[in-house]
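Working notes, beginning with the structure itself.
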Amino acid sequence: MKKSFLDELNSGILLGDGAIGTELFARGAPQETGVERLNILAPDLVLRLHQDYIAAGSQVIETNTFGANRFALARHGVEDQLREILLAGARIARKAAGERVYVAGSIGPLPSMEGEPLSDSDQRACFAEQTAALLDGGVDLLILESFANLDDLVTAVSTARAATSQPIIAQMAFGPGGRTDEGFLAHDVAVRCRAAGADVVGANCGYGVPSVIEAIKHMSSLDIPMSAFMNAGFAGRVEGRLVYLSTPKYLADRAKDLVGLGVRLIGGCCGTGPEYIRAIAETVFSAKRPAEISRVRPVLSTEPPSMPVAAEKVFPGRVLVEIDPPITPDISKVLAASMALKGIGVDAITVADNPLASVRVDTLTVAALIQQESKLPVIPHLTGRDRNRIALQSTVMGAYVLGIRNVLCVTGDPVRMSQDTNTTGVFDVNSIGLVRLVADFNSAHCAGGSSIAIGVALNPVVRSLGAQISKLQRKIDAGASYVLTQPIFSVEQLDCLQEALSEANITTPVYIGVLPLASARNAEFLHNEVPGIFIPDYIHQALAKYDAVADQRAVAAEICESFIRKTGDRVHGFYVIAPGNRVEPIRRVLEAAKGHRS
């Protein structure tokens, strides 16, 4: 009989297993069914993989349940089979493990719904459902892995801890430098996860082997049990297939390094099959007994992380107008529109970043030219969709050199909207990570000088407004200094937003999105095709009463003017979107917004 898992971990090193999904696919599993469903569709295939890992030296194996949650299974229409899939996954692993190998119930992060994060209550209900079924299936411990969002991981840990006294491992997927996409250092991740109830904290997946090593270096100062599960490097595409190029020896050598840093549970992640686990076992366990492997104390900076440098002010006024970059190199119409907006008296111009994932002139170039021509402050949008982390940092530096002192950090419209079917997104960082990236630039380069004020987006018309407000608070904590909302069309929508902001004690300036619709057809398209825009039925009905587009446009403008008159004294400012970069049709709306200056 084996000892308790934590006793075993305290007395030596334990070897985990490797990839589940990539290995099952490599063994012929159909990808369209969902890998976790194989627990009931092809249990023998899953059982043989577990057995192969144990034969290679694994002392801890994970259940094939990483993505077995109600929301992910709904994509295949089998959410009603959730408990059956979880129980089967636990029992298959238990059968392979017998009494000499530990079984870890695997739980991964939850998917977003329609691009929005799940509410805290939905997350807790889902994690509790997974935890209960895995425990009923006979697992020895739980491993919560590959989380990119720290709050989500903490929620998962605390939910699991409330349900069991069994050991819990919490693993984060880190980016370069041992930071999360939101900018949190691994040290901070470990502290929060331990406080939430995790027994072991570690790193897996993420930005390659170096990110795992850097994360472990930061965690090692805490003198806590740590785990590390490495990918087989980065996947490359060879003849149309994703292939992991790192050799078993390379990963085994890095595993020995990690054990030297204090890791107690070591294993593999994406792309690592039984041959990798065998190589790790031979390297880590052959020369010396695990307890005798020398510990290396990493050299880390003892200076606390720098705080974001606050911009000396947000920007003047309260009427902003968004225009789009042109789809051809001719920017004369855009410059003319900016001069017209200056003549009307708007306070600043925002420039979208390849809206609807369409190819347009570079946003930063257009923003700099508009600012030079109009002398108005210009706020280019900056997305993580099209640029990797290196390019984003270069873009921020370039914006500063060009005199840009405001940016709006947004996720960006999904690439599925692009007309180019070969387009893929980058998303090295999410919107919160992008805020931290700009804030880090301010800290490093703007002390004592003018810095870049950071704006962020907020969608107030979603199924879970609470989740949006929570996400907004994280953006503010990361360094955001003002907020622009998606279009709001009714006083009732604004009431809900302001009540939620008040309950969360958020006082950051919020600029309310106003979108004068171009036509009834435009309203229908935006409502059905563009994420984040919800147009009430009464507006569709009001526009449909008129056949002429000019009449529809006039009615839409009147609706916006009425909304502004009713709410102008309640808001910090308005963020007006100019459809098609046409200024004249929205002149009356802008005049109404100007009339409510504070």
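Every chain in the structure tokens takes a letter, A first, then B, and so on in the order presented; its residues are numbered from 1, and the ligands are numbered from 1 following the presented order.
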* To do: Could you give me, as number ranges by chain, the residues within 8 Å of Val576 (chain A), counting only C-alpha atoms and dropping anything in the same chain fewer than 4 positions from it?
  => A: 319-322, 513-516, 590
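Distances to Val435 (chain A) were evaluated for A:Asp353, A:Gly183, A:Asp362, A:Pro380 using only C-alpha atoms, and the minimum falls at A:Gly183.
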* Structure fact -> If you count only C-alpha atoms, the residue of A:Arg587, A:Lys475, A:His572, A:His50 closest to Lys342 (chain A) turns out to be A:Arg587
With region 260-267 of chain A as the partner and 12 Å as the cut-off, tabulate the residues of region 98-157 of chain A that qualify, each row holding the nearest pair of atoms and their distance in Å to one decimal, using only C-alpha atoms, sorted by chain and rising number, as JSON lines.
```
{"residue": "A:Tyr102", "atom": "CA", "partner": "A:Leu265", "partner_atom": "CA", "distance": 11.8}
{"residue": "A:Ala104", "atom": "CA", "partner": "A:Leu265", "partner_atom": "CA", "distance": 12.0}
{"residue": "A:Ile143", "atom": "CA", "partner": "A:Leu265", "partner_atom": "CA", "distance": 11.5}
```
Dump as a PDB file, in the first residue's frame, selection limited to C-alpha atoms:
```pdb
ATOM      1  CA  TYR A 102      -1.800   7.891  -7.368  1.00  0.00           C
ATOM      2  CA  ALA A 104      -5.157  12.893  -9.854  1.00  0.00           C
ATOM      3  CA  ILE A 143      -5.009  18.779 -10.059  1.00  0.00           C
TER       4      ILE A 143
END
```
Residue contacts of region 558-567 of chain A (8 Å, only C-alpha atoms) excluding same-chain residues fewer than 2 positions away, as an mmCIF file with C-alpha atoms, in the first residue's frame:
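Output file selection-v6.cif follows:
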```cif
data_model
loop_
_atom_site.group_PDB
_atom_site.id
_atom_site.type_symbol
_atom_site.label_atom_id
_atom_site.label_comp_id
_atom_site.auth_asym_id
_atom_site.auth_seq_id
_atom_site.Cartn_x
_atom_site.Cartn_y
_atom_site.Cartn_z
ATOM 1 C CA PHE A 489 -29.352 52.632 -26.303
ATOM 2 C CA SER A 490 -31.665 52.963 -23.329
ATOM 3 C CA VAL A 491 -31.822 54.647 -19.942
ATOM 4 C CA VAL A 514 -23.423 56.231 -28.305
ATOM 5 C CA LEU A 515 -24.013 54.790 -31.776
ATOM 6 C CA PRO A 516 -26.273 56.708 -34.198
ATOM 7 C CA ALA A 554 -32.988 60.728 -38.706
ATOM 8 C CA VAL A 555 -35.024 58.636 -36.295
ATOM 9 C CA ALA A 556 -31.876 56.911 -35.045
ATOM 10 C CA ASP A 569 -25.994 65.068 -16.197
ATOM 11 C CA ARG A 570 -25.388 61.554 -14.857
ATOM 12 C CA VAL A 571 -22.294 60.522 -16.810
ATOM 13 C CA ARG A 588 -26.895 66.992 -33.970
ATOM 14 C CA VAL A 589 -25.901 64.128 -31.693
ATOM 15 C CA ALA A 592 -26.408 67.442 -27.831
ATOM 16 C CA ALA A 593 -23.414 65.800 -26.139
ATOM 17 C CA HIS A 596 -23.937 68.607 -21.352
#
```
* Once DSSP has gone over the backbone, tell me which residues of region 82-195 of chain A are in strand (DSSP E), as a PyMOL selection string. => chain A and resi 102-107+141-147+168-172
* To do: Name the residues of region 72-239 of chain A that fall into helix (DSSP H, G or I) according to DSSP on the backbone, using the chain letters and numbers of this document, as a PyMOL selection string.
  => chain A and resi 72-76+79-97+120-136+150-163+176-178+186-196+208-222
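Near Glu282 (chain A), within 10 Å and counting only C-alpha atoms, sit A:Ala56, A:Gly57, A:Lys249, A:Ala252, A:Tyr276, not including residues fewer than 6 positions from it in the same chain.
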